[in-house]
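Participant: Handing you this structure, nothing more for now.
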Amino acid sequence: MSTSALIFAGGVGNRMNSVAKPKQFLQLYGKEIIIHTLENFQNNPLIDSIVVVCKDNWIDFLKKLLKKYDIDKVKWIVPGGETGQLSIFNGLCELEKHVEKNSIILVHDGVRPFVSDKLINDCIDSVKQFGSAVTVVPAIETIVTLDGGEIKTITDRSKCYHAKAPQCFYLDELLEYHRKAMEEGITNMIDSASMMKHYGHSLHTVSGDYDNIKITTPTDYYTSRALYEVRENKQIFGL
């Protein structure tokens, strides 16, 4: 049994207001965001291989980056689909050609560059023990539901969590439900956890970090710059 990361880097960056480049190829302190993300999995000894799902017209650019930064665990790059769900499916189908069916797959966003070694390891352990791993962090603000601009319900915040990534499963199980969804005409599930829950798969959670942010908006980008500085200072000064 092997362990692979599936990195989704197929977004176009509409919310980032980035015209020239997709958000995953914007630079964060002199290095593309996608490279920061990939290096976390490259440097983790439990990760055997990586597949990247990338915008078709940016694949050649990504290949140059992988060579430049010596990211040799990326074995395959495949083009994305029309939705995030279909893009992940493309990556899973590529993995199916090369790795065992019972391989552990960590699905992760290419624009989450602060995933930690500990979180990666905890997710792998969770899949081995429980068959799944969905990264979550507690909600820190009140969650409400609206109807016509009026608050209808206020949820007990102590029971609310934000689902993040990685989201991790066995390859054969995740592919099974992807194919079932497509047979039923479902092509736009918001994430892997939602799909697995929809089909009755039990989901086990792993505690994540608040700084494991997804860089989606300009505010996220500037927050990530601050987080990068904090991490760099910790390394330099041993904090």
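Every chain in the structure tokens has a letter given in the order shown (A, B, ...), and although residue numbers restart at 1 in each chain, ligands are simply numbered from 1 in the order shown.
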Based on the backbone DSSP call, show me all residues of stretch 81-226 of chain A assigned strand (DSSP E or B), as a count of residues only.
Facilitator: 36
Participant: Tell me which of A:Val99, A:Ile33, A:Val53, A:Leu65 sits closest to A:Ile77, counting only C-alpha atoms.
Facilitator: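 Among the listed residues, the smallest separation from A:Ile77 belongs to A:Val53.
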Participant: Just give me the gap between atom CA of A:Glu94 and atom CA of A:Pro113 in Å, one decimal is fine.
Facilitator: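 Between atom CA of A:Glu94 and atom CA of A:Pro113 the gap is 23.3 Å.
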Participant: Once you count only C-alpha atoms, what closest atom pair and distance in Å to one decimal does each residue of stretch 198-235 of chain A within 10 Å of stretch 135-153 of chain A have, with rows by chain and rising residue number, as JSON lines?
Facilitator:
```
{"residue": "A:His204", "atom": "CA", "partner": "A:Thr135", "partner_atom": "CA", "distance": 8.8}
{"residue": "A:Thr205", "atom": "CA", "partner": "A:Thr135", "partner_atom": "CA", "distance": 5.8}
{"residue": "A:Val206", "atom": "CA", "partner": "A:Thr135", "partner_atom": "CA", "distance": 4.8}
{"residue": "A:Ser207", "atom": "CA", "partner": "A:Val136", "partner_atom": "CA", "distance": 5.4}
{"residue": "A:Gly208", "atom": "CA", "partner": "A:Val136", "partner_atom": "CA", "distance": 5.4}
{"residue": "A:Asp209", "atom": "CA", "partner": "A:Val137", "partner_atom": "CA", "distance": 6.6}
{"residue": "A:Tyr210", "atom": "CA", "partner": "A:Val137", "partner_atom": "CA", "distance": 6.7}
{"residue": "A:Asn212", "atom": "CA", "partner": "A:Val137", "partner_atom": "CA", "distance": 9.7}
```
Participant: Just to be explicit: take each residue in the selection above, keep C-alpha atoms, and write the result as an mmCIF file, in the first residue's frame.
Facilitator:
```
data_model
loop_
_atom_site.group_PDB
_atom_site.id
_atom_site.type_symbol
_atom_site.label_atom_id
_atom_site.label_comp_id
_atom_site.auth_asym_id
_atom_site.auth_seq_id
_atom_site.Cartn_x
_atom_site.Cartn_y
_atom_site.Cartn_z
ATOM 1 C CA HIS A 204 -13.440 10.746 10.806
ATOM 2 C CA THR A 205 -12.000 14.160 11.602
ATOM 3 C CA VAL A 206 -8.449 15.309 12.214
ATOM 4 C CA SER A 207 -7.710 18.545 14.049
ATOM 5 C CA GLY A 208 -6.107 21.090 11.762
ATOM 6 C CA ASP A 209 -4.478 24.484 12.138
ATOM 7 C CA TYR A 210 -6.081 27.877 11.613
ATOM 8 C CA ASN A 212 -3.720 26.222 7.000
#
```
Participant: Just list the residues in stretch 55-210 of chain A DSSP gives helix (DSSP H, G or I) on the backbone, as a PyMOL selection string.
Facilitator: chain A and resi 56-68+84-96+117-130+157-159+171-183+192-198
Participant: Counting only C-alpha atoms, which of A:Thr155, A:Ser132, A:Ser4, A:Thr217 gets nearest to A:Leu203?
Facilitator: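 Of A:Thr155, A:Ser132, A:Ser4, A:Thr217, the one nearest A:Leu203 is A:Ser132, counting only C-alpha atoms.
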Participant: Which residue gives the smallest distance to A:Glu96 among A:Leu174, A:Leu46, A:Val230, A:Cys168, with only C-alpha atoms counted?
Facilitator: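 That would be A:Leu174, the residue with the smallest distance to A:Glu96.
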Participant: Considering only C-alpha atoms, tabulate each residue of stretch 5-111 of chain A that lies at most 9 Å from stretch 188-201 of chain A along with its nearest interatomic pair and the corresponding distance in Å to one decimal; arrange the rows by chain and ascending residue number and present them as JSON lines.
Facilitator:
```
{"residue": "A:Glu82", "atom": "CA", "partner": "A:Asn188", "partner_atom": "CA", "distance": 9.0}
{"residue": "A:Thr83", "atom": "CA", "partner": "A:Asn188", "partner_atom": "CA", "distance": 6.0}
{"residue": "A:Gly84", "atom": "CA", "partner": "A:Asn188", "partner_atom": "CA", "distance": 6.9}
{"residue": "A:Gln85", "atom": "CA", "partner": "A:Asn188", "partner_atom": "CA", "distance": 5.6}
{"residue": "A:Leu86", "atom": "CA", "partner": "A:Asn188", "partner_atom": "CA", "distance": 7.6}
{"residue": "A:Ile88", "atom": "CA", "partner": "A:Ser192", "partner_atom": "CA", "distance": 8.6}
{"residue": "A:Val107", "atom": "CA", "partner": "A:Ser192", "partner_atom": "CA", "distance": 7.9}
```
Participant: Would you list the contacts of A:Ile47 as a ChimeraX atom specification, taking every protein, DNA or RNA residue within 9 Å and counting only C-alpha atoms, but skipping same-chain residues closer than 3 positions in sequence?
Facilitator: /A:2-5,41-44,50,73,120
Participant: Restricted to C-alpha atoms, what would the selected residues look like written as an mmCIF file, in the first residue's frame?
Facilitator:
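Dumped to selection-v7.cif:
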```
data_model
loop_
_atom_site.group_PDB
_atom_site.id
_atom_site.type_symbol
_atom_site.label_atom_id
_atom_site.label_comp_id
_atom_site.auth_asym_id
_atom_site.auth_seq_id
_atom_site.Cartn_x
_atom_site.Cartn_y
_atom_site.Cartn_z
ATOM 1 C CA SER A 2 1.343 3.400 -1.005
ATOM 2 C CA THR A 3 0.411 6.946 -0.094
ATOM 3 C CA SER A 4 -0.144 9.632 -2.705
ATOM 4 C CA ALA A 5 -1.126 13.281 -2.661
ATOM 5 C CA PHE A 41 4.425 16.824 0.440
ATOM 6 C CA GLN A 42 7.771 16.439 -1.321
ATOM 7 C CA ASN A 43 9.597 16.658 1.994
ATOM 8 C CA ASN A 44 7.301 14.322 3.923
ATOM 9 C CA ILE A 50 2.067 13.206 -6.156
ATOM 10 C CA LYS A 73 7.668 13.209 -6.284
ATOM 11 C CA ILE A 120 -0.142 15.131 6.842
#
```
Participant: Of the residues A:Ser202, A:Asn90, A:Gln24, A:Asn57, which is the one nearest to A:Arg179, using only C-alpha atoms?
Facilitator: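 Of A:Ser202, A:Asn90, A:Gln24, A:Asn57, the one nearest A:Arg179, counting only C-alpha atoms, is A:Asn90.
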Participant: Using only C-alpha atoms, pick whichever of A:Lys21, A:Pro45, A:Pro79, A:Gln167 has the shortest atom-to-atom distance to A:Ile59.
Facilitator: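 Checking each candidate against A:Ile59, we get A:Pro79 as the closest.
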Participant: Give the answer as one residue: which of A:Gly80, A:Gly30, A:Gly10, A:Pro166 has the shortest atom-to-atom distance to A:Ile104, using only C-alpha atoms?
Facilitator: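 Answer, going by the shortest atom-to-atom distance: A:Pro166.
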Participant: Residues near A:Leu62, anyone? I mean within 12 Å using only C-alpha atoms, not counting same-chain ones fewer than 2 positions away, as a PyMOL selection string.
Facilitator: chain A and resi 9-10+22+24-25+32-35+38+52-60+64-71+74+76-79+110
Participant: How about saving the chosen residues, N, CA and C atoms kept, as a short mmCIF file (atom, residue, chain, number, x, y, z; two decimals), in the first residue's frame?
Facilitator:
```
data_model
loop_
_atom_site.label_atom_id
_atom_site.label_comp_id
_atom_site.auth_asym_id
_atom_site.auth_seq_id
_atom_site.Cartn_x
_atom_site.Cartn_y
_atom_site.Cartn_z
N ALA A 9 -4.93 22.01 -8.55
CA ALA A 9 -4.43 23.35 -8.89
C ALA A 9 -5.09 23.80 -10.19
N GLY A 10 -6.39 23.60 -10.28
CA GLY A 10 -7.09 23.89 -11.52
C GLY A 10 -7.88 25.17 -11.51
N PRO A 22 -3.24 32.38 -12.90
CA PRO A 22 -4.09 31.73 -11.90
C PRO A 22 -3.45 31.90 -10.52
N GLN A 24 -2.73 29.99 -8.10
CA GLN A 24 -1.72 29.04 -7.64
C GLN A 24 -0.32 29.36 -8.16
N PHE A 25 -0.25 30.21 -9.20
CA PHE A 25 1.05 30.56 -9.76
C PHE A 25 1.51 31.97 -9.37
N GLU A 32 6.39 30.45 -6.25
CA GLU A 32 4.98 30.28 -6.57
C GLU A 32 4.26 29.53 -5.45
N ILE A 33 3.00 29.91 -5.22
CA ILE A 33 2.21 29.31 -4.14
C ILE A 33 2.15 27.80 -4.30
N ILE A 34 1.95 27.32 -5.52
CA ILE A 34 1.84 25.88 -5.75
C ILE A 34 3.13 25.16 -5.35
N ILE A 35 4.27 25.80 -5.51
CA ILE A 35 5.54 25.18 -5.13
C ILE A 35 5.66 25.10 -3.61
N LEU A 38 3.52 22.11 -2.75
CA LEU A 38 4.11 20.83 -3.16
C LEU A 38 5.32 20.45 -2.31
N VAL A 52 -0.70 16.11 -9.82
CA VAL A 52 -1.21 17.48 -9.82
C VAL A 52 -2.25 17.63 -10.92
N VAL A 53 -3.39 18.17 -10.56
CA VAL A 53 -4.42 18.50 -11.54
C VAL A 53 -4.28 19.99 -11.83
N CYS A 54 -3.99 20.32 -13.08
CA CYS A 54 -3.60 21.68 -13.43
C CYS A 54 -4.40 22.18 -14.63
N LYS A 55 -4.58 23.49 -14.71
CA LYS A 55 -5.16 24.07 -15.92
C LYS A 55 -4.32 23.66 -17.13
N ASP A 56 -4.99 23.21 -18.17
CA ASP A 56 -4.32 22.61 -19.31
C ASP A 56 -3.23 23.52 -19.89
N ASN A 57 -3.53 24.80 -20.04
CA ASN A 57 -2.57 25.70 -20.69
C ASN A 57 -1.47 26.18 -19.75
N TRP A 58 -1.46 25.67 -18.50
CA TRP A 58 -0.39 26.01 -17.57
C TRP A 58 0.46 24.79 -17.20
N ILE A 59 0.19 23.66 -17.83
CA ILE A 59 0.93 22.43 -17.49
C ILE A 59 2.42 22.57 -17.83
N ASP A 60 2.74 23.11 -18.99
CA ASP A 60 4.15 23.27 -19.36
C ASP A 60 4.88 24.20 -18.39
N LYS A 64 8.16 23.24 -15.77
CA LYS A 64 9.40 24.01 -15.63
C LYS A 64 9.67 24.34 -14.16
N LEU A 65 8.60 24.67 -13.42
CA LEU A 65 8.76 24.95 -12.00
C LEU A 65 9.22 23.72 -11.23
N LEU A 66 8.63 22.57 -11.55
CA LEU A 66 9.01 21.33 -10.86
C LEU A 66 10.49 21.02 -11.07
N LYS A 67 10.96 21.25 -12.27
CA LYS A 67 12.38 21.02 -12.57
C LYS A 67 13.25 22.03 -11.83
N LYS A 68 12.81 23.28 -11.83
CA LYS A 68 13.58 24.35 -11.17
C LYS A 68 13.76 24.08 -9.69
N TYR A 69 12.70 23.59 -9.03
CA TYR A 69 12.74 23.41 -7.58
C TYR A 69 12.96 21.95 -7.17
N ASP A 70 13.26 21.11 -8.15
CA ASP A 70 13.61 19.70 -7.89
C ASP A 70 12.49 18.98 -7.13
N ILE A 71 11.27 19.14 -7.60
CA ILE A 71 10.12 18.43 -7.02
C ILE A 71 9.95 17.13 -7.79
N VAL A 74 6.37 14.54 -7.88
CA VAL A 74 5.26 14.73 -8.81
C VAL A 74 5.51 13.84 -10.02
N TRP A 76 2.89 12.68 -12.06
CA TRP A 76 1.90 12.84 -13.12
C TRP A 76 1.25 14.21 -13.00
N ILE A 77 0.97 14.83 -14.14
CA ILE A 77 0.20 16.07 -14.21
C ILE A 77 -0.93 15.84 -15.20
N VAL A 78 -2.15 16.13 -14.78
CA VAL A 78 -3.30 15.92 -15.66
C VAL A 78 -4.11 17.21 -15.75
N PRO A 79 -4.80 17.44 -16.85
CA PRO A 79 -5.61 18.65 -16.98
C PRO A 79 -6.86 18.57 -16.11
N GLY A 110 -4.06 23.19 -4.04
CA GLY A 110 -2.76 23.75 -4.41
C GLY A 110 -2.49 25.10 -3.80
#
```
Participant: Report, in Å to a single decimal, how far apart atom CA of A:Leu106 and atom CA of A:Ser87 are.
Facilitator: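 Computing it gives 14.5 Å between the two atoms.
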